[in-house]
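The data block below is coords30.csv; it holds CSV, C-alpha atoms.
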chain,number,residue,atom,x,y,z
H,949,MET,CA,16.1,7.2,16.2
H,950,ALA,CA,14.4,4.0,17.1
H,951,SER,CA,12.4,3.9,20.3
H,952,GLU,CA,10.7,1.6,22.7
H,953,GLY,CA,6.9,1.9,23.1
H,954,LYS,CA,4.8,1.6,26.2
H,955,ILE,CA,3.6,-2.0,26.4
H,956,ILE,CA,0.4,-2.4,28.3
H,957,GLU,CA,-0.7,-5.9,29.1
H,958,HIS,CA,-4.1,-6.4,27.6
H,959,PRO,CA,-6.1,-9.6,28.0
H,960,LYS,CA,-6.2,-10.6,24.3
H,961,LYS,CA,-3.1,-12.6,23.6
H,962,ALA,CA,-1.6,-12.7,20.2
H,963,PHE,CA,1.2,-14.3,18.3
H,964,GLY,CA,3.3,-13.2,15.3
H,965,TRP,CA,6.7,-12.5,14.0
H,966,ALA,CA,8.7,-9.4,15.0
H,967,ALA,CA,11.9,-7.5,14.4
H,968,ARG,CA,13.7,-6.7,17.7
H,969,ASP,CA,16.3,-4.2,16.4
H,970,THR,CA,17.6,-2.6,13.2
H,971,THR,CA,19.0,-5.8,11.8
H,972,GLY,CA,15.4,-6.4,10.7
H,973,VAL,CA,15.6,-10.1,11.4
H,974,LEU,CA,12.1,-11.5,12.1
H,975,SER,CA,11.3,-14.2,14.6
H,976,PRO,CA,8.4,-15.6,16.6
H,977,PHE,CA,6.9,-13.1,19.1
H,978,HIS,CA,4.2,-13.3,21.7
H,979,PHE,CA,2.3,-10.1,22.5
H,980,SER,CA,-1.1,-8.7,23.5
H,981,ARG,CA,-3.9,-7.0,21.6
H,982,ARG,CA,-6.4,-4.8,23.3
H,983,GLU,CA,-9.7,-6.1,24.5
H,984,THR,CA,-12.4,-5.6,21.8
H,985,GLY,CA,-14.0,-2.2,22.6
H,986,GLU,CA,-17.5,-1.1,21.8
H,987,LYS,CA,-16.5,0.3,18.4
H,988,ASP,CA,-13.9,-2.3,17.6
H,989,VAL,CA,-13.8,-5.2,15.2
H,990,ALA,CA,-11.6,-8.2,16.0
H,991,PHE,CA,-10.6,-10.6,13.2
H,992,LYS,CA,-8.5,-13.6,12.5
H,993,VAL,CA,-5.7,-12.7,10.1
H,994,LEU,CA,-5.5,-15.1,7.1
H,995,TYR,CA,-3.2,-13.2,4.7
H,996,CYS,CA,-0.8,-10.3,4.9
H,997,GLY,CA,1.0,-8.6,2.0
H,998,ILE,CA,4.6,-7.6,2.3
H,999,CYS,CA,5.3,-4.0,1.3
H,1000,HIS,CA,8.7,-2.2,0.8
H,1001,THR,CA,7.6,0.1,3.7
H,1002,ASP,CA,7.9,-3.0,6.0
H,1003,LEU,CA,11.5,-3.3,5.0
H,1004,HIS,CA,12.2,0.4,5.7
H,1005,MET,CA,10.6,0.2,9.1
H,1006,MET,CA,12.2,-3.0,10.1
H,1007,HIS,CA,15.6,-1.4,9.6
H,1008,ASN,CA,14.6,1.9,11.1
H,1009,GLU,CA,15.6,3.7,7.8
H,1010,TRP,CA,13.2,6.5,8.6
H,1011,GLY,CA,14.3,6.9,12.2
H,1012,ASN,CA,10.9,6.4,13.9
H,1013,SER,CA,10.5,2.7,14.3
H,1014,ILE,CA,9.4,1.2,17.6
H,1015,TYR,CA,10.7,-2.2,18.6
H,1016,PRO,CA,9.6,-4.9,19.0
H,1017,LEU,CA,8.1,-4.3,15.5
H,1018,VAL,CA,5.5,-6.6,14.1
H,1019,PRO,CA,5.3,-5.5,10.4
H,1020,GLY,CA,2.3,-5.7,8.0
H,1021,HIS,CA,-0.3,-3.1,6.9
H,1022,GLU,CA,-2.0,-5.2,4.2
H,1023,LEU,CA,-3.8,-7.7,6.4
H,1024,VAL,CA,-7.1,-9.4,5.7
H,1025,GLY,CA,-9.1,-12.1,7.4
H,1026,VAL,CA,-12.5,-13.0,8.9
H,1027,VAL,CA,-14.3,-11.2,11.7
H,1028,THR,CA,-14.4,-13.1,15.0
H,1029,GLU,CA,-15.9,-10.5,17.3
H,1030,VAL,CA,-17.5,-7.1,17.1
H,1031,GLY,CA,-18.1,-4.4,19.8
H,1032,SER,CA,-21.6,-3.5,21.1
H,1033,LYS,CA,-21.8,-0.3,19.0
H,1034,VAL,CA,-20.3,-1.6,15.8
H,1035,GLU,CA,-22.7,-0.8,12.9
H,1036,LYS,CA,-21.0,-1.9,9.7
H,1037,PHE,CA,-19.6,-5.4,10.4
H,1038,LYS,CA,-20.7,-8.7,11.7
H,1039,VAL,CA,-19.0,-12.0,12.7
H,1040,GLY,CA,-18.0,-13.9,9.6
H,1041,ASP,CA,-17.4,-10.9,7.4
H,1042,LYS,CA,-14.3,-10.7,5.2
H,1043,VAL,CA,-12.4,-7.6,6.2
H,1044,GLY,CA,-9.0,-5.9,6.0
H,1045,VAL,CA,-6.9,-3.1,7.5
H,1046,GLY,CA,-4.5,-1.0,5.5
H,1047,TYR,CA,-1.8,1.5,6.4
H,1048,MET,CA,-3.6,3.3,9.3
H,1049,VAL,CA,-5.5,2.4,12.4
H,1050,ASP,CA,-6.3,5.8,13.9
H,1051,SER,CA,-6.5,9.5,13.4
H,1052,CYS,CA,-7.7,12.5,15.3
H,1053,ARG,CA,-11.2,12.3,13.7
H,1054,SER,CA,-11.7,16.1,14.1
H,1055,CYS,CA,-9.3,17.9,11.8
H,1056,GLU,CA,-10.2,19.3,8.4
H,1057,ASN,CA,-8.6,16.3,6.7
H,1058,CYS,CA,-10.5,13.8,8.7
H,1059,ASP,CA,-13.7,15.7,8.1
H,1060,ASP,CA,-12.9,15.5,4.3
H,1061,ASN,CA,-12.3,11.7,4.4
H,1062,VAL,CA,-8.6,12.0,3.8
H,1063,GLU,CA,-7.5,10.7,7.2
H,1064,ASN,CA,-4.2,9.7,5.5
H,1065,TYR,CA,-3.2,13.3,5.8
H,1066,CYS,CA,-4.2,13.8,9.4
H,1067,PRO,CA,-1.3,15.2,11.5
H,1068,GLN,CA,-2.2,12.7,14.2
H,1069,LEU,CA,-2.3,9.7,11.8
H,1070,THR,CA,-1.5,6.4,13.6
H,1071,VAL,CA,0.0,3.8,11.3
H,1072,THR,CA,-0.8,0.1,11.6
H,1073,CYS,CA,2.6,-1.1,12.8
H,1074,GLY,CA,5.7,0.2,14.6
H,1075,ALA,CA,3.9,3.3,16.0
H,1076,LYS,CA,1.9,4.3,19.1
H,1077,TYR,CA,-1.7,4.8,19.7
H,1078,ARG,CA,-2.6,8.0,21.5
H,1079,ASP,CA,-2.6,6.1,24.8
H,1080,GLY,CA,1.0,5.2,24.2
H,1081,THR,CA,0.5,1.5,23.4
H,1082,ILE,CA,2.3,0.0,20.4
H,1083,THR,CA,0.6,-0.8,17.1
H,1084,TYR,CA,1.4,-4.3,15.9
H,1085,GLY,CA,0.8,-5.2,12.3
H,1086,GLY,CA,-0.4,-8.1,10.3
H,1087,TYR,CA,2.4,-10.6,10.5
H,1088,SER,CA,0.3,-12.0,13.3
H,1089,ASP,CA,-2.7,-14.2,14.0
H,1090,SER,CA,-5.2,-11.6,14.9
H,1091,MET,CA,-6.1,-7.9,14.7
H,1092,VAL,CA,-8.3,-5.5,16.7
H,1093,ALA,CA,-9.2,-2.1,15.1
H,1094,ASP,CA,-11.8,0.6,15.3
H,1095,GLU,CA,-14.5,-0.1,12.7
H,1096,HIS,CA,-13.9,3.2,11.0
H,1097,PHE,CA,-10.5,1.9,9.8
H,1098,VAL,CA,-11.7,-1.6,8.8
H,1099,ILE,CA,-12.4,-2.3,5.1
H,1100,LEU,CA,-15.2,-4.7,4.0
H,1101,ILE,CA,-13.9,-7.2,1.4
H,1102,PRO,CA,-16.5,-8.1,-1.2
H,1103,ASP,CA,-17.3,-11.8,-1.4
H,1104,ASN,CA,-16.1,-12.2,-5.0
H,1105,LEU,CA,-12.6,-10.8,-4.2
H,1106,PRO,CA,-10.2,-13.6,-3.0
H,1107,LEU,CA,-8.5,-12.7,0.3
H,1108,ASP,CA,-5.0,-13.5,-0.8
H,1109,VAL,CA,-5.1,-10.8,-3.5
H,1110,ALA,CA,-7.1,-8.3,-1.4
H,1111,GLY,CA,-4.3,-7.5,1.0
H,1112,PRO,CA,-1.9,-5.7,-1.4
H,1113,LEU,CA,-4.9,-3.6,-2.7
H,1114,LEU,CA,-5.1,-1.9,0.7
H,1115,CYS,CA,-1.7,-0.3,0.1
H,1116,ALA,CA,-0.4,-0.6,-3.4
H,1117,GLY,CA,-3.9,-0.5,-4.9
H,1118,VAL,CA,-5.2,2.6,-3.2
H,1119,THR,CA,-1.8,4.3,-3.6
H,1120,VAL,CA,-2.3,4.5,-7.4
H,1121,TYR,CA,-6.1,4.5,-7.5
H,1122,SER,CA,-6.4,7.6,-5.3
H,1123,PRO,CA,-4.3,10.0,-7.6
H,1124,LEU,CA,-5.9,8.6,-10.7
H,1125,ARG,CA,-9.3,9.5,-9.3
H,1126,HIS,CA,-8.4,12.7,-7.5
H,1127,PHE,CA,-6.5,14.3,-10.4
H,1128,GLY,CA,-9.1,13.3,-13.0
H,1129,ILE,CA,-6.8,11.1,-15.0
H,1130,ASP,CA,-9.3,8.3,-14.9
H,1131,LYS,CA,-11.4,9.0,-17.9
H,1132,PRO,CA,-11.9,6.5,-20.8
H,1133,GLY,CA,-9.7,7.2,-23.8
H,1134,MET,CA,-7.0,9.2,-21.8
H,1135,ASN,CA,-3.4,8.5,-22.5
H,1136,ILE,CA,-1.8,7.6,-19.1
H,1137,GLY,CA,1.9,6.9,-18.4
H,1138,VAL,CA,3.1,4.7,-15.6
H,1139,VAL,CA,6.8,5.1,-14.5
H,1140,GLY,CA,8.2,1.9,-13.0
H,1141,LEU,CA,6.9,-1.6,-13.1
H,1142,GLY,CA,7.0,-3.0,-9.6
H,1143,GLY,CA,4.5,-3.5,-6.8
H,1144,LEU,CA,2.9,0.0,-7.4
H,1145,GLY,CA,3.5,0.2,-11.1
H,1146,HIS,CA,1.8,-3.0,-12.1
H,1147,MET,CA,-1.3,-1.9,-10.1
H,1148,ALA,CA,-1.3,1.5,-11.8
H,1149,VAL,CA,-1.3,-0.3,-15.1
H,1150,LYS,CA,-4.2,-2.5,-14.1
H,1151,PHE,CA,-6.4,0.3,-12.6
H,1152,ALA,CA,-5.7,2.7,-15.5
H,1153,LYS,CA,-6.7,-0.1,-18.0
H,1154,ALA,CA,-9.9,-0.7,-15.9
H,1155,PHE,CA,-10.7,3.0,-16.3
H,1156,GLY,CA,-10.5,2.6,-20.0
H,1157,SER,CA,-7.2,4.5,-20.5
H,1158,ASN,CA,-4.5,3.9,-23.1
H,1159,VAL,CA,-1.5,3.0,-20.9
H,1160,THR,CA,2.2,3.5,-21.6
H,1161,VAL,CA,4.7,1.9,-19.3
H,1162,ILE,CA,7.9,4.1,-19.0
H,1163,SER,CA,10.9,2.2,-17.8
H,1164,THR,CA,14.7,2.2,-18.0
H,1165,SER,CA,14.6,-1.6,-18.5
H,1166,PRO,CA,13.9,-2.8,-22.1
H,1167,SER,CA,13.5,-6.4,-20.8
H,1168,LYS,CA,10.2,-5.4,-19.1
H,1169,GLU,CA,8.5,-4.6,-22.4
H,1170,LYS,CA,7.1,-8.1,-23.0
H,1171,GLU,CA,5.8,-8.4,-19.5
H,1172,ALA,CA,4.2,-4.9,-19.6
H,1173,ILE,CA,2.3,-5.4,-22.8
H,1174,GLU,CA,1.6,-9.2,-23.1
H,1175,HIS,CA,1.0,-10.0,-19.5
H,1176,LEU,CA,-0.2,-6.8,-17.8
H,1177,GLY,CA,-2.1,-5.3,-20.8
H,1178,ALA,CA,-0.2,-2.1,-21.3
H,1179,ASP,CA,-0.7,-0.6,-24.8
H,1180,SER,CA,2.8,0.7,-25.3
H,1181,PHE,CA,6.3,0.7,-23.8
H,1182,LEU,CA,8.7,3.6,-23.6
H,1183,ILE,CA,12.4,3.3,-22.7
H,1184,SER,CA,13.2,6.5,-20.8
H,1185,ARG,CA,16.9,6.3,-21.6
H,1186,ASP,CA,16.2,6.3,-25.3
H,1187,PRO,CA,16.1,10.0,-26.5
H,1188,ASP,CA,14.5,9.2,-29.8
H,1189,GLN,CA,11.6,7.3,-28.1
H,1190,MET,CA,11.2,10.1,-25.6
H,1191,GLN,CA,11.2,12.8,-28.3
H,1192,ALA,CA,8.6,10.9,-30.4
H,1193,ALA,CA,6.3,10.6,-27.3
H,1194,LYS,CA,6.6,14.3,-26.4
H,1195,GLY,CA,3.3,16.0,-25.5
H,1196,THR,CA,1.2,12.8,-25.8
H,1197,LEU,CA,0.1,11.9,-22.2
H,1198,HIS,CA,-2.8,13.4,-20.2
H,1199,GLY,CA,-1.2,12.1,-16.9
H,1200,ILE,CA,1.6,10.1,-15.5
H,1201,ILE,CA,1.8,8.1,-12.3
H,1202,ASP,CA,5.4,7.9,-11.2
H,1203,THR,CA,6.0,5.0,-8.8
H,1204,VAL,CA,9.8,5.0,-8.7
H,1205,SER,CA,11.3,5.7,-5.3
H,1206,ALA,CA,15.0,5.8,-6.5
H,1207,SER,CA,16.3,9.2,-7.6
H,1208,HIS,CA,15.6,9.9,-11.2
H,1209,PRO,CA,15.1,12.9,-13.6
H,1210,VAL,CA,11.6,14.1,-13.8
H,1211,LEU,CA,12.1,16.8,-16.4
H,1212,PRO,CA,12.0,14.3,-19.3
H,1213,LEU,CA,8.7,13.0,-17.9
H,1214,ILE,CA,7.2,16.5,-17.8
H,1215,GLY,CA,8.0,16.8,-21.5
H,1216,LEU,CA,5.8,13.8,-22.2
H,1217,LEU,CA,2.7,15.6,-20.9
H,1218,LYS,CA,0.1,17.4,-22.9
H,1219,THR,CA,-1.1,20.9,-22.1
H,1220,ASN,CA,-2.7,20.7,-18.6
H,1221,GLY,CA,-1.0,17.3,-18.1
H,1222,LYS,CA,-0.3,16.0,-14.6
H,1223,LEU,CA,2.7,14.2,-13.2
H,1224,VAL,CA,1.8,12.6,-9.8
H,1225,MET,CA,4.6,11.1,-7.7
H,1226,VAL,CA,3.8,8.2,-5.4
H,1227,GLY,CA,7.3,6.9,-4.8
H,1228,GLY,CA,9.2,8.4,-1.9
H,1229,VAL,CA,12.2,9.9,-3.7
H,1230,ALA,CA,14.6,11.1,-1.0
H,1231,LYS,CA,16.8,13.5,-3.0
H,1232,PRO,CA,15.4,16.9,-4.0
H,1233,LEU,CA,14.1,17.1,-7.5
H,1234,GLU,CA,15.7,19.3,-10.3
H,1235,LEU,CA,12.7,21.1,-11.6
H,1236,PRO,CA,12.9,24.3,-13.6
H,1237,ALA,CA,9.7,26.3,-13.3
H,1238,SER,CA,9.7,26.9,-17.0
H,1239,SER,CA,9.0,23.2,-17.6
H,1240,LEU,CA,5.6,23.7,-16.0
H,1241,LEU,CA,4.8,27.1,-17.3
H,1242,GLY,CA,4.8,26.1,-20.9
H,1243,GLY,CA,1.6,24.0,-21.0
H,1244,ARG,CA,0.2,24.8,-17.6
H,1245,LYS,CA,1.5,21.4,-16.3
H,1246,LEU,CA,1.2,20.1,-12.8
H,1247,ILE,CA,3.5,18.0,-10.6
H,1248,ALA,CA,2.0,16.6,-7.4
H,1249,GLY,CA,2.4,13.9,-4.8
H,1250,SER,CA,0.0,11.5,-3.3
H,1251,LEU,CA,0.1,9.1,-0.3
H,1252,ILE,CA,-2.2,6.1,0.0
H,1253,GLY,CA,-5.9,7.2,0.3
H,1254,GLY,CA,-8.6,7.8,2.9
H,1255,ILE,CA,-10.8,5.1,4.3
H,1256,LYS,CA,-13.8,6.0,2.2
H,1257,GLU,CA,-11.7,6.0,-0.9
H,1258,THR,CA,-10.0,2.7,0.1
H,1259,GLN,CA,-13.5,1.1,0.3
H,1260,GLU,CA,-14.4,2.5,-3.1
H,1261,MET,CA,-11.2,1.1,-4.5
H,1262,ILE,CA,-11.8,-2.4,-3.1
H,1263,ASP,CA,-15.3,-2.4,-4.5
H,1264,PHE,CA,-14.1,-1.2,-7.9
H,1265,ALA,CA,-11.4,-3.8,-8.0
H,1266,ALA,CA,-13.9,-6.6,-7.2
H,1267,GLU,CA,-16.3,-5.4,-9.8
H,1268,HIS,CA,-13.7,-5.0,-12.6
H,1269,ASN,CA,-11.5,-8.0,-11.6
H,1270,VAL,CA,-8.4,-5.9,-10.8
H,1271,LYS,CA,-6.0,-8.1,-8.9
H,1272,PRO,CA,-2.4,-7.8,-8.0
H,1273,GLU,CA,0.1,-10.4,-9.2
H,1274,ILE,CA,1.3,-12.2,-6.0
H,1275,GLU,CA,3.6,-14.9,-4.7
H,1276,ILE,CA,2.2,-16.6,-1.6
H,1277,VAL,CA,4.8,-17.6,1.0
H,1278,PRO,CA,4.7,-19.2,4.4
H,1279,ILE,CA,5.7,-17.2,7.5
H,1280,ASP,CA,9.0,-19.0,8.0
H,1281,TYR,CA,10.1,-17.8,4.5
H,1282,VAL,CA,9.6,-14.2,5.5
H,1283,ASN,CA,13.2,-13.3,6.1
H,1284,THR,CA,14.2,-14.7,2.7
H,1285,ALA,CA,11.3,-12.8,1.1
H,1286,MET,CA,12.7,-9.6,2.6
H,1287,GLU,CA,16.1,-10.3,1.1
H,1288,ARG,CA,14.5,-10.9,-2.3
H,1289,LEU,CA,12.3,-7.8,-2.0
H,1290,ALA,CA,15.4,-5.7,-1.3
H,1291,LYS,CA,16.7,-6.9,-4.7
H,1292,ALA,CA,13.3,-6.4,-6.5
H,1293,ASP,CA,13.2,-10.1,-7.0
H,1294,VAL,CA,9.4,-10.5,-6.9
H,1295,LYS,CA,6.5,-10.2,-9.4
H,1296,TYR,CA,5.0,-8.2,-7.9
H,1297,ARG,CA,3.9,-8.6,-4.3
H,1298,PHE,CA,4.7,-11.2,-1.6
H,1299,VAL,CA,1.7,-12.3,0.4
H,1300,ILE,CA,2.2,-14.3,3.6
H,1301,ASP,CA,-0.2,-17.2,4.1
H,1302,ILE,CA,-0.8,-16.4,7.8
H,1303,GLY,CA,-3.8,-18.7,8.3
H,1304,ASN,CA,-2.0,-21.9,7.2
H,1305,SER,CA,1.6,-21.3,8.3
H,1306,LEU,CA,1.7,-19.2,11.4
H,1307,LYS,CA,2.0,-21.6,14.3
H,1308,GLU,CA,3.0,-20.9,17.9
H,1309,SER,CA,5.4,-23.8,17.8
H,1310,ALA,CA,7.4,-22.1,15.0
Before anything else, please render the file you have as structure tokens.
Amino acid sequence: MASEGKIIEHPKKAFGWAARDTTGVLSPFHFSRRETGEKDVAFKVLYCGICHTDLHMMHNEWGNSIYPLVPGHELVGVVTEVGSKVEKFKVGDKVGVGYMVDSCRSCENCDDNVENYCPQLTVTCGAKYRDGTITYGGYSDSMVADEHFVILIPDNLPLDVAGPLLCAGVTVYSPLRHFGIDKPGMNIGVVGLGGLGHMAVKFAKAFGSNVTVISTSPSKEKEAIEHLGADSFLISRDPDQMQAAKGTLHGIIDTVSASHPVLPLIGLLKTNGKLVMVGGVAKPLELPASSLLGGRKLIAGSLIGGIKETQEMIDFAAEHNVKPEIEIVPIDYVNTAMERLAKADVKYRFVIDIGNSLKESA
């Protein structure tokens, strides 16, 4: 059930676009950011990626949205102010904030640098800080966040492509690293070729893997191989192709959020192979235990990544020229972009040009 958050008037005025209810229609919205605290970093937002999660939250599809809701958890820009005890950032730095802006800082997960699994995780938009104030996201002109949750963007990584890496990038980078399916020469499968899938292809290739895209759509083969650099393409609805590829993959990153059979995917794995799901499939999986026993196979899930890992991912992307494919749009196009996103009509990530298009006179 959607709820209304506690709005405390802070002295730092801000402007953005917000959804007021479950219709999800976005329109101009004035609000307040908190004063820059001693450990806070304030920055001017220049770009913000559009994620499918924004669409879910705007329509309260998960039942926990807080209105008015300013979406956006792929925001990047330039530091304008730092608190007196900030150690890692200075005015003028290129920075970003991803999916989270707070955690308890004291649980086992936080101590292990996986704040993304903290039970008290606070997401960047449509939630509440521990003091009850609303979190407002990156479809706005400014951001204030604790330095722990701020990512430094390398100078050689353009800001317009940096935003989607903070969500889509780390969502696929983290399981590739954590589950050890990041070694040169490994055969890696990627299920789905959308915002997450195309990033999985790019990171796996950067690790030196042989990448097979697995899709229900034959029309995506040319794009996958000629444009994104995949080594091969597998049509999951073709039983002959699936049989020929049986037992060939060290790991699979499954990015599909719609309900789909996973048993055929497990059949593609080698002994000790790993299938990692990063798409939020709502329906229960049909998974006979016998499919895992024969070959000591593993099926797991993964959600974004911790702050330390996110910084590592950004640095790796800058070093190896891993960039998302984006379509830049102005803020007044955002409602149309959402309609297109719902139809999967984007290759592969919308990015809002906040710096040049967000005006209070909108």
Show me a table, sorted first by chain and then by increasing residue number, of the residues of range 999-1068 of chain H having an atom at most 12 Å from range 1089-1092 of chain H, each with its shortest atom pair and the distance in Å to one decimal, counting only C-alpha atoms and written as JSON lines.
{"residue": "H:Val1018", "atom": "CA", "partner": "H:Asp1089", "partner_atom": "CA", "distance": 11.2}
{"residue": "H:Gly1020", "atom": "CA", "partner": "H:Met1091", "partner_atom": "CA", "distance": 11.0}
{"residue": "H:His1021", "atom": "CA", "partner": "H:Met1091", "partner_atom": "CA", "distance": 10.8}
{"residue": "H:Glu1022", "atom": "CA", "partner": "H:Met1091", "partner_atom": "CA", "distance": 11.6}
{"residue": "H:Leu1023", "atom": "CA", "partner": "H:Met1091", "partner_atom": "CA", "distance": 8.6}
{"residue": "H:Val1024", "atom": "CA", "partner": "H:Met1091", "partner_atom": "CA", "distance": 9.2}
{"residue": "H:Gly1025", "atom": "CA", "partner": "H:Ser1090", "partner_atom": "CA", "distance": 8.5}
{"residue": "H:Val1026", "atom": "CA", "partner": "H:Ser1090", "partner_atom": "CA", "distance": 9.6}
{"residue": "H:Val1027", "atom": "CA", "partner": "H:Met1091", "partner_atom": "CA", "distance": 9.3}
{"residue": "H:Thr1028", "atom": "CA", "partner": "H:Ser1090", "partner_atom": "CA", "distance": 9.3}
{"residue": "H:Glu1029", "atom": "CA", "partner": "H:Val1092", "partner_atom": "CA", "distance": 9.1}
{"residue": "H:Val1030", "atom": "CA", "partner": "H:Val1092", "partner_atom": "CA", "distance": 9.3}
{"residue": "H:Gly1031", "atom": "CA", "partner": "H:Val1092", "partner_atom": "CA", "distance": 10.3}
{"residue": "H:Val1043", "atom": "CA", "partner": "H:Met1091", "partner_atom": "CA", "distance": 10.6}
{"residue": "H:Gly1044", "atom": "CA", "partner": "H:Met1091", "partner_atom": "CA", "distance": 9.4}
{"residue": "H:Val1045", "atom": "CA", "partner": "H:Met1091", "partner_atom": "CA", "distance": 8.7}
{"residue": "H:Gly1046", "atom": "CA", "partner": "H:Met1091", "partner_atom": "CA", "distance": 11.6}
{"residue": "H:Val1049", "atom": "CA", "partner": "H:Val1092", "partner_atom": "CA", "distance": 9.4}
{"residue": "H:Asp1050", "atom": "CA", "partner": "H:Val1092", "partner_atom": "CA", "distance": 11.8}
Excluding Ile1279 in chain H and its own-chain neighbours fewer than 3 positions away, which residues fall within 9 Å of it when counting all atoms listed in the file? Please give them as a PDB file with C-alpha atoms, keeping the file's coordinate frame.
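New file selection_11.pdb:
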ATOM      1  CA  TRP H 965       6.700 -12.500  14.000  1.00  0.00           C
ATOM      2  CA  TYR H1087       2.400 -10.600  10.500  1.00  0.00           C
ATOM      3  CA  VAL H1282       9.600 -14.200   5.500  1.00  0.00           C
ATOM      4  CA  ASN H1283      13.200 -13.300   6.100  1.00  0.00           C
ATOM      5  CA  ILE H1300       2.200 -14.300   3.600  1.00  0.00           C
ATOM      6  CA  ASP H1301      -0.200 -17.200   4.100  1.00  0.00           C
ATOM      7  CA  ILE H1302      -0.800 -16.400   7.800  1.00  0.00           C
ATOM      8  CA  SER H1305       1.600 -21.300   8.300  1.00  0.00           C
ATOM      9  CA  LEU H1306       1.700 -19.200  11.400  1.00  0.00           C
ATOM     10  CA  LYS H1307       2.000 -21.600  14.300  1.00  0.00           C
TER      11      LYS H1307
END
Exercise. Pick the closest to Asp1041 in chain H from H:Leu1017, H:Leu1107, H:Ile998, H:Ile1255: which is it, counting only C-alpha atoms?
Worked result: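 Using only C-alpha atoms, the shortest distance to Asp1041 in chain H belongs to H:Leu1107.
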Problem set entry | Distance criterion (all atoms listed in the file): nearest to Ala1152 in chain H out of H:Val1120, H:Val1224, H:Met1190, H:Ile1173 | H:Val1120
Exercise. Distance CA of Pro976 in chain H-CA of Tyr1084 in chain H, one decimal place?
Worked result: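 Between CA of Pro976 in chain H and CA of Tyr1084 in chain H the gap is 13.3 Å.
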Exercise. So what do you get for CA of Asn1061 in chain H versus CA of Ala1265 in chain H, distance-wise?
Worked result: 19.9 Å
Problem set entry | Top pick for closest residue to Ala1285 in chain H, considering H:Ala1110, H:Val1299, H:Glu1056, H:Ala1206 and counting only C-alpha atoms |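 Under the stated criterion, the closest residue is H:Val1299.
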Exercise. From the list H:Ala962, H:Met1147, H:Val1062, H:Ile1247, which residue is nearest Glu1308 in chain H when using all atoms listed in the file?
Worked result: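 Among the listed residues, H:Ala962 lies closest to Glu1308 in chain H.
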For this session: Extract, using all atoms listed in the file, all DNA, RNA and protein residues at most 9 Å from Asp1263 in chain H, discarding same-chain residues fewer than 3 positions from it, and format them as a VMD selection string.
Result: chain H and resid 1100 to 1102 1105 1258 to 1260 1266 to 1268
For this session: Name the residues, using the chain letters and numbers of the file, that sit within 10 Å of (1.9, -5.7, -19.4) when counting only C-alpha atoms, and give them as a ChimeraX atom specification.
Result: /H:1141,1146,1149-1150,1159-1161,1168-1181
For this session: Compute the distance from (14.4, 13.3, -3.3) to each atom, counting only C-alpha atoms, keep the residues with any atom at most 9 Å away, and return them as a ChimeraX atom specification; use the coordinates of the file.
Result: /H:1205-1208,1228-1233
Exercise. Looking at H:Arg1244, H:Lys1033, H:His978, H:Arg1078, which one is nearest to Thr1219 in chain H, with distances taken over all atoms listed in the file?
Worked result: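 Looking only at the distances to Thr1219 in chain H, the closest residue turns out to be H:Arg1244.
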Problem set entry | Top pick for closest residue to Ser1013 in chain H, considering H:Met1286, H:Cys999, H:Ile1082, H:Leu994 and counting only C-alpha atoms |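 Residue with the minimum atom-to-atom distance to Ser1013 in chain H: H:Ile1082.
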Exercise. Mind pulling up the distance from CA of Val1109 in chain H to CA of Glu1275 in chain H?
Worked result: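 If I compute the distance from CA of Glu1275 in chain H to CA of Val1109 in chain H, I get 9.7 Å.
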